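Structure first, commentary second.
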Amino acid sequence: MELKKEQAIRNAVASAIMEGLHPTEKDVARIRDLMEKKITRDEFVAQILAEVKEAS
């Protein structure tokens, strides 16, 4: 089962790169946390929005 999650993450990252995005290790770790239910979807979104707000 763990292998399927890792493959799904690799596929998602590859797809994002093909779309011109550049996911960082931090992004991948955040996705992994979401998939492993260490954070909720709302926490995931809040973290991304906070990071974007910080950068602007």
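By order in the structure tokens, chains are A, B, ...; within a chain, residues start at 1; ligands start at 1, following the order shown.
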Problem set entry | Residues of chain A in alpha helix (DSSP H), written as a ChimeraX atom specification | /A:2-18,25-35,41-55
Take the residues that were just selected and, keeping N, CA and C atoms, output them as a compact mmCIF listing (two decimals), in the first residue's frame.
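Final output, part_16.txt:
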```
# COMPACT_ATOMS: atom_id res chain seq x y z
N GLU A 2 1.92 1.28 0.81
CA GLU A 2 2.80 2.45 0.88
C GLU A 2 3.42 2.75 -0.48
N LEU A 3 3.76 1.70 -1.22
CA LEU A 3 4.34 1.88 -2.54
C LEU A 3 3.37 2.60 -3.48
N LYS A 4 2.09 2.30 -3.37
CA LYS A 4 1.09 2.95 -4.20
C LYS A 4 1.01 4.44 -3.89
N LYS A 5 1.10 4.80 -2.61
CA LYS A 5 1.08 6.22 -2.23
C LYS A 5 2.28 6.94 -2.80
N GLU A 6 3.46 6.33 -2.66
CA GLU A 6 4.68 6.97 -3.17
C GLU A 6 4.62 7.11 -4.69
N GLN A 7 4.10 6.11 -5.36
CA GLN A 7 3.96 6.19 -6.82
C GLN A 7 2.97 7.29 -7.20
N ALA A 8 1.90 7.40 -6.45
CA ALA A 8 0.91 8.45 -6.71
C ALA A 8 1.54 9.83 -6.53
N ILE A 9 2.36 9.98 -5.51
CA ILE A 9 3.05 11.26 -5.28
C ILE A 9 4.00 11.55 -6.43
N ARG A 10 4.78 10.56 -6.83
CA ARG A 10 5.72 10.76 -7.96
C ARG A 10 4.96 11.12 -9.24
N ASN A 11 3.85 10.47 -9.48
CA ASN A 11 3.04 10.77 -10.66
C ASN A 11 2.51 12.20 -10.61
N ALA A 12 2.03 12.61 -9.43
CA ALA A 12 1.50 13.97 -9.28
C ALA A 12 2.59 15.01 -9.50
N VAL A 13 3.77 14.75 -8.96
CA VAL A 13 4.89 15.69 -9.14
C VAL A 13 5.29 15.76 -10.61
N ALA A 14 5.37 14.62 -11.26
CA ALA A 14 5.73 14.60 -12.68
C ALA A 14 4.69 15.36 -13.50
N SER A 15 3.43 15.16 -13.18
CA SER A 15 2.36 15.86 -13.88
C SER A 15 2.46 17.37 -13.68
N ALA A 16 2.73 17.79 -12.44
CA ALA A 16 2.88 19.22 -12.14
C ALA A 16 4.04 19.81 -12.92
N ILE A 17 5.14 19.09 -12.99
CA ILE A 17 6.31 19.57 -13.73
C ILE A 17 5.98 19.71 -15.21
N MET A 18 5.24 18.74 -15.76
CA MET A 18 4.84 18.82 -17.17
C MET A 18 3.94 20.03 -17.43
N GLU A 25 10.64 20.26 -2.33
CA GLU A 25 10.61 19.16 -1.36
C GLU A 25 9.58 19.45 -0.27
N LYS A 26 9.46 20.72 0.10
CA LYS A 26 8.48 21.12 1.11
C LYS A 26 7.06 20.85 0.59
N ASP A 27 6.83 21.14 -0.67
CA ASP A 27 5.51 20.85 -1.28
C ASP A 27 5.21 19.36 -1.25
N VAL A 28 6.19 18.57 -1.61
CA VAL A 28 6.00 17.11 -1.65
C VAL A 28 5.75 16.58 -0.24
N ALA A 29 6.49 17.10 0.74
CA ALA A 29 6.30 16.68 2.12
C ALA A 29 4.89 17.04 2.59
N ARG A 30 4.42 18.20 2.20
CA ARG A 30 3.07 18.64 2.58
C ARG A 30 2.02 17.72 1.95
N ILE A 31 2.22 17.35 0.71
CA ILE A 31 1.30 16.43 0.03
C ILE A 31 1.31 15.07 0.73
N ARG A 32 2.51 14.61 1.09
CA ARG A 32 2.64 13.33 1.79
C ARG A 32 1.89 13.38 3.13
N ASP A 33 2.04 14.49 3.86
CA ASP A 33 1.33 14.66 5.14
C ASP A 33 -0.18 14.60 4.94
N LEU A 34 -0.65 15.21 3.88
CA LEU A 34 -2.08 15.19 3.58
C LEU A 34 -2.54 13.76 3.27
N MET A 35 -1.80 13.07 2.44
CA MET A 35 -2.17 11.71 2.06
C MET A 35 -2.13 10.74 3.26
N ARG A 41 -7.31 18.62 4.99
CA ARG A 41 -7.35 19.39 3.75
C ARG A 41 -7.35 20.88 4.05
N ASP A 42 -8.10 21.27 5.08
CA ASP A 42 -8.15 22.69 5.45
C ASP A 42 -6.78 23.18 5.94
N GLU A 43 -6.07 22.35 6.69
CA GLU A 43 -4.73 22.72 7.15
C GLU A 43 -3.77 22.82 5.96
N PHE A 44 -3.91 21.90 5.03
CA PHE A 44 -3.10 21.91 3.81
C PHE A 44 -3.26 23.23 3.06
N VAL A 45 -4.51 23.60 2.84
CA VAL A 45 -4.82 24.85 2.12
C VAL A 45 -4.32 26.05 2.92
N ALA A 46 -4.54 26.05 4.23
CA ALA A 46 -4.11 27.17 5.07
C ALA A 46 -2.59 27.34 5.03
N GLN A 47 -1.86 26.25 5.03
CA GLN A 47 -0.40 26.33 4.96
C GLN A 47 0.06 26.95 3.65
N ILE A 48 -0.56 26.53 2.57
CA ILE A 48 -0.20 27.07 1.25
C ILE A 48 -0.54 28.55 1.17
N LEU A 49 -1.73 28.93 1.61
CA LEU A 49 -2.13 30.34 1.57
C LEU A 49 -1.23 31.20 2.44
N ALA A 50 -0.84 30.69 3.61
CA ALA A 50 0.06 31.44 4.49
C ALA A 50 1.41 31.65 3.82
N GLU A 51 1.91 30.63 3.16
CA GLU A 51 3.19 30.73 2.49
C GLU A 51 3.13 31.72 1.32
N VAL A 52 2.04 31.70 0.57
CA VAL A 52 1.87 32.63 -0.54
C VAL A 52 1.78 34.06 -0.02
N LYS A 53 1.03 34.25 1.05
CA LYS A 53 0.87 35.58 1.64
C LYS A 53 2.23 36.11 2.13
N GLU A 54 3.01 35.22 2.73
CA GLU A 54 4.34 35.59 3.23
C GLU A 54 5.26 36.03 2.10
N ALA A 55 5.14 35.37 0.96
CA ALA A 55 6.02 35.65 -0.17
C ALA A 55 5.66 36.94 -0.91
```
